[in-house]
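Everything on this sheet refers to the single structure shown next.
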Amino acid sequence: MIHDILIAPFAMGFMQRALAGCLALSLAGPPLGVFLVLRRMSLMSDVLQHGILPGVALGAVCFGLSVWAMGLGGIAAGLMVALLAGSLARATGGREDSQQAGVYLIALALGVAIVSAGRGIDLAHLLFGSVLAVDRTALLAMAGAATLTLPVLALIWRPLILESFDPGFAEAAGGRGGLWHLGFLALVVICVVSGFVALGTLMSVGLMMLPAIAARHFAGSLGGQVRASVLLAVLASVAGLLLSFHLDIPAGPAIVLSAGALWLAGVVTGPRESLLRVAVADGAALKTP
Amino acid sequence: MSLGYGGRDAVARLSGAFAPGSFTAVVGPNGAGKTTLLRALADLHPPSAGRIDRGALVRADIALLPQAARPDPRFPLTCRDVAAQGLFPRLGPFRAASAAQQAAIDAALMAVGLGGAGAEPVGALSAGQFQRLLFARLAVQDAPVLLLDEPFNAVDAPTVVVLLSLLAAWHREGRTIVAVLHDIDLVQRLFPETLVLAGAPVGWGPTAEVLTPANRRRAGLDAPDWSLLDGIASFAPARSRSAA
């Protein structure tokens, strides 16, 4: 019984590929998400996931459903959205978040328009993913993203922390803040794009952000939060794929819902800064005097 | 040299030298170009005209403490992590700290009175303690030139005393210190040299010779004449509820 529910589904080839891919994404995405949270850029991930759609769609329309064409198109579009919003804000003195909203709304509409124009592309698959579509190429893309992300993150670890914590000091210390920022953004874009085959463009950010947001309820130090976020993402991937298999729902929403459940569990009962902890601390404070 | 900022001259035609080992206060009204001057000295803001000669000093030799911008208190770093950031200009992204440098971090935390707080998260610090931590990071930087922008803003008096004694010790070690300050009494009491800025330089030299009544008036450094308010506003104590 338990074997049927938890183990048997992963005996199938497509589930194995989906699991391997999601585990790779779980290693790469959430650590980036932790930094997005610390840099107060949580919503940047949202901007990117909408921003990559026109690139992915254009790749699909021009070259058929080739993972490479869609992936490279997505990466180009994501970087363009991120950089365009930033440079518009600097050039016109506007607020960066409003420029981001403007750019990503256009990108989303453009993406949907392109997909609809190119008949024969299933919009739902593009937006929400499909485990059945995870072939060898898609698996390679996901594993490749993880293989690239982890060493690069290790290389920029120290300056990235410095720049996230105190940009003024990083600048004065010769930290070349802009360079690290760009490298970091590129990693985020690559991770978001590499997940779209399995999770869909609208959902692949969920596996990156929800475990990262939940991490502070499980660990205090930066290293601890990164480890916790990876662990939570792995749990969410396994649970989500099983949900997707048994309930016959797309993998993207299933995995994101699992990650969301873990986050809510952390918010309510997590060992740090959770509602339960705060209530216990308040109770103790009431009793002491 | 001149320094442009936002299309106009923030500092116009300033010419002079900070002697090695000098201890200089920079005073002037808001918008006088004090912060821009420090940034230019730190090679973060190119002059619009003229040039700055730093001799043999490299980037890591000049430590800039920007004006109090309190980083996110939830950031998951310990006090020791932040003090250790002072090593970044010399170590860069990859090299590890030597045992001597590790000891310097502990000594710096001790010197600012945070000796026991190394493992505390930075979020647990008050504003005054946080400024102490930033001074510890400066000490770890071990730079021969220190540029401080309003280092005592929003800092309690005991902390100011601790930080000033650190500055005095660094001065005795022969470091060059330039500090932007608002407190004229403090400048007159402690700083041998003063640069008065008000867009253009008003005076630069020994503090007693520079902070003359005429210069202070020109730079708008004197306390405002509150008698101007007479007849404009009158503030009576609020009547208590029971009397009403």
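The way I read the labels, and the way they are meant: chains A, B, ... in the order of the structure tokens, residue 1 as the first residue of every chain, and ligand 1 as the first ligand shown, with later ones counted on from there.
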Output the contact residues of chain B with respect to chain A at a cut-off of 6 Å, based on only C-alpha atoms, as a short mmCIF file (atom, residue, chain, number, x, y, z; two decimals) with C-alpha atoms, in the first residue's frame.
data_model
loop_
_atom_site.label_atom_id
_atom_site.label_comp_id
_atom_site.auth_asym_id
_atom_site.auth_seq_id
_atom_site.Cartn_x
_atom_site.Cartn_y
_atom_site.Cartn_z
CA PRO B 71 21.47 47.32 6.72
CA PRO B 76 21.51 36.30 8.90
CA PRO B 89 39.57 44.73 0.36
CA PRO B 93 36.48 36.87 -2.84
#
**Message:** Using DSSP assignments from the backbone, pull out every residue in chain B that falls under strand (DSSP E or B) and give it to me as a ChimeraX atom specification.
**Reply:** /B:2-5,8-11,23-27,49,62-65,78,121,145-149,176-180,193-198,200-206
**Residues flagged helix (DSSP H, G or I) by DSSP in stretch 15-243 of chain B, as a PyMOL selection string** = chain B and resi 34-41+59-61+79-91+99-111+115-117+122-124+127-141+157-172+184-190+207-210+213-218+226-229
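For the atom pair formed by atom CA of B:Leu138 and atom CA of B:Ala108, the distance is 8.6 Å, given to one decimal.
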Contact check, stretch 116-146 of chain A to stretch 180-197 of chain A, at most 7 Å, counting only C-alpha atoms, closest pairs as CSV:
residue,atom,partner,partner_atom,distance
A:Gly129,CA,A:Val197,CA,5.4
A:Ser130,CA,A:Val197,CA,6.6
A:Ala133,CA,A:Val197,CA,6.6
A:Val134,CA,A:Val197,CA,6.4
A:Ala138,CA,A:Val197,CA,6.6
A:Ala141,CA,A:Ser194,CA,5.8
A:Met142,CA,A:Ser194,CA,5.2
A:Ala145,CA,A:Cys191,CA,6.0
**Asked** What's the 6 Å shell around A:Pro211, counting only C-alpha atoms, without same-chain residues fewer than 3 positions away, as a list in words?
**Response** Ala214, Ala215, Ser229, Leu232 and Ala233 of chain A
Put those residues in a file: N, CA and C atoms, as an mmCIF file, in the first residue's frame.
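So the final result, stored in again_29.cif, reads:
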data_model
loop_
_atom_site.group_PDB
_atom_site.id
_atom_site.type_symbol
_atom_site.label_atom_id
_atom_site.label_comp_id
_atom_site.auth_asym_id
_atom_site.auth_seq_id
_atom_site.Cartn_x
_atom_site.Cartn_y
_atom_site.Cartn_z
ATOM 1 N N ALA A 214 10.607 29.987 3.255
ATOM 2 C CA ALA A 214 10.346 29.175 4.443
ATOM 3 C C ALA A 214 11.609 28.976 5.284
ATOM 4 N N ALA A 215 12.792 29.112 4.639
ATOM 5 C CA ALA A 215 14.037 28.688 5.289
ATOM 6 C C ALA A 215 14.285 29.400 6.612
ATOM 7 N N SER A 229 16.678 25.419 2.774
ATOM 8 C CA SER A 229 15.874 25.680 1.577
ATOM 9 C C SER A 229 16.019 24.522 0.588
ATOM 10 N N LEU A 232 13.981 21.510 1.926
ATOM 11 C CA LEU A 232 12.542 21.729 1.744
ATOM 12 C C LEU A 232 12.151 21.551 0.281
ATOM 13 N N ALA A 233 13.009 22.026 -0.622
ATOM 14 C CA ALA A 233 12.703 21.903 -2.047
ATOM 15 C C ALA A 233 12.705 20.443 -2.474
#
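Between atom CA of B:Asp61 and atom CA of B:Pro144 the interatomic distance comes to 5.7 Å.
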**Fill in**
Pairwise distance, atom CA of B:Ser22 with atom CA of B:Arg54, equals 14.5 Å
**Request:** Fewer than 3 positions away in the same chain doesn't count, so skip those; otherwise give me all residues within 9 Å of stretch 76-92 of chain A, counting only C-alpha atoms, as a count of residues only.
**Result:** 32
**Item:** Contacts of B:Val210 within 12 Å, only C-alpha atoms, excl. fewer than 3 positions in-chain, as a PyMOL selection string
**Value:** chain B and resi 24-27+184+187-188+191-197+201-207+213-219
Dump N, CA and C atoms for the selected residues as a JSON list (two decimals), in the first residue's frame?
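Result written to again.json:
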[["chain", "number", "residue", "atom", "x", "y", "z"],
["B", 24, "THR", "N", 41.45, 65.68, 10.26],
["B", 24, "THR", "CA", 40.72, 66.83, 9.74],
["B", 24, "THR", "C", 39.21, 66.62, 9.85],
["B", 25, "ALA", "N", 38.52, 67.65, 10.30],
["B", 25, "ALA", "CA", 37.06, 67.64, 10.28],
["B", 25, "ALA", "C", 36.59, 68.40, 9.05],
["B", 26, "VAL", "N", 35.52, 67.89, 8.41],
["B", 26, "VAL", "CA", 34.90, 68.61, 7.32],
["B", 26, "VAL", "C", 33.53, 69.05, 7.80],
["B", 27, "VAL", "N", 33.30, 70.37, 7.82],
["B", 27, "VAL", "CA", 32.01, 70.87, 8.29],
["B", 27, "VAL", "C", 31.39, 71.74, 7.21],
["B", 184, "ILE", "N", 29.95, 71.31, 15.98],
["B", 184, "ILE", "CA", 31.07, 72.26, 15.92],
["B", 184, "ILE", "C", 31.88, 72.24, 17.21],
["B", 187, "VAL", "N", 34.31, 69.47, 17.06],
["B", 187, "VAL", "CA", 35.39, 69.78, 16.13],
["B", 187, "VAL", "C", 36.41, 70.69, 16.80],
["B", 188, "GLN", "N", 35.92, 71.75, 17.49],
["B", 188, "GLN", "CA", 36.83, 72.70, 18.10],
["B", 188, "GLN", "C", 37.63, 72.05, 19.23],
["B", 191, "PHE", "N", 39.55, 68.31, 16.93],
["B", 191, "PHE", "CA", 40.16, 68.17, 15.60],
["B", 191, "PHE", "C", 41.17, 69.29, 15.35],
["B", 192, "PRO", "N", 42.45, 68.94, 15.09],
["B", 192, "PRO", "CA", 43.46, 69.97, 14.87],
["B", 192, "PRO", "C", 43.19, 70.77, 13.59],
["B", 193, "GLU", "N", 42.63, 70.13, 12.57],
["B", 193, "GLU", "CA", 42.43, 70.83, 11.31],
["B", 193, "GLU", "C", 40.97, 70.73, 10.89],
["B", 194, "THR", "N", 40.53, 71.76, 10.17],
["B", 194, "THR", "CA", 39.14, 71.79, 9.73],
["B", 194, "THR", "C", 39.07, 72.32, 8.30],
["B", 195, "LEU", "N", 38.20, 71.70, 7.52],
["B", 195, "LEU", "CA", 37.86, 72.20, 6.19],
["B", 195, "LEU", "C", 36.40, 72.62, 6.24],
["B", 196, "VAL", "N", 36.14, 73.90, 5.99],
["B", 196, "VAL", "CA", 34.76, 74.39, 5.96],
["B", 196, "VAL", "C", 34.31, 74.46, 4.51],
["B", 197, "LEU", "N", 33.26, 73.72, 4.20],
["B", 197, "LEU", "CA", 32.74, 73.66, 2.83],
["B", 197, "LEU", "C", 31.35, 74.26, 2.79],
["B", 201, "PRO", "N", 34.96, 75.99, -1.13],
["B", 201, "PRO", "CA", 35.67, 75.97, 0.16],
["B", 201, "PRO", "C", 35.65, 77.35, 0.81],
["B", 202, "VAL", "N", 35.32, 77.36, 2.11],
["B", 202, "VAL", "CA", 35.29, 78.62, 2.84],
["B", 202, "VAL", "C", 36.59, 78.82, 3.60],
["B", 203, "GLY", "N", 37.14, 77.75, 4.11],
["B", 203, "GLY", "CA", 38.39, 77.83, 4.84],
["B", 203, "GLY", "C", 38.95, 76.45, 5.07],
["B", 204, "TRP", "N", 40.28, 76.34, 5.14],
["B", 204, "TRP", "CA", 40.92, 75.04, 5.34],
["B", 204, "TRP", "C", 42.22, 75.29, 6.07],
["B", 205, "GLY", "N", 42.38, 74.73, 7.25],
["B", 205, "GLY", "CA", 43.62, 74.90, 7.99],
["B", 205, "GLY", "C", 43.40, 74.55, 9.45],
["B", 206, "PRO", "N", 44.29, 75.05, 10.32],
["B", 206, "PRO", "CA", 44.14, 74.78, 11.75],
["B", 206, "PRO", "C", 42.76, 75.24, 12.21],
["B", 207, "THR", "N", 42.13, 74.42, 13.03],
["B", 207, "THR", "CA", 40.73, 74.63, 13.38],
["B", 207, "THR", "C", 40.47, 76.04, 13.93],
["B", 213, "PRO", "N", 34.34, 83.55, 13.45],
["B", 213, "PRO", "CA", 32.93, 83.95, 13.37],
["B", 213, "PRO", "C", 32.52, 84.28, 11.94],
["B", 214, "ALA", "N", 33.39, 84.94, 11.18],
["B", 214, "ALA", "CA", 33.04, 85.31, 9.80],
["B", 214, "ALA", "C", 32.82, 84.06, 8.94],
["B", 215, "ASN", "N", 33.76, 83.10, 9.04],
["B", 215, "ASN", "CA", 33.63, 81.87, 8.25],
["B", 215, "ASN", "C", 32.40, 81.08, 8.66],
["B", 216, "ARG", "N", 32.16, 81.06, 9.98],
["B", 216, "ARG", "CA", 31.00, 80.30, 10.45],
["B", 216, "ARG", "C", 29.72, 80.89, 9.90],
["B", 217, "ARG", "N", 29.66, 82.22, 9.87],
["B", 217, "ARG", "CA", 28.48, 82.86, 9.31],
["B", 217, "ARG", "C", 28.35, 82.55, 7.81],
["B", 218, "ARG", "N", 29.50, 82.65, 7.11],
["B", 218, "ARG", "CA", 29.47, 82.41, 5.65],
["B", 218, "ARG", "C", 28.98, 81.00, 5.34],
["B", 219, "ALA", "N", 29.37, 80.03, 6.18],
["B", 219, "ALA", "CA", 28.98, 78.64, 5.90],
["B", 219, "ALA", "C", 27.68, 78.27, 6.60]]
**Request:** Might you pull out every residue within 9 Å of B:His182, with only C-alpha atoms counted and same-chain residues fewer than 4 positions away left off, and present them as a VMD selection string?
**Result:** chain B and resid 26 to 29 150 152 to 153 186 to 187 221
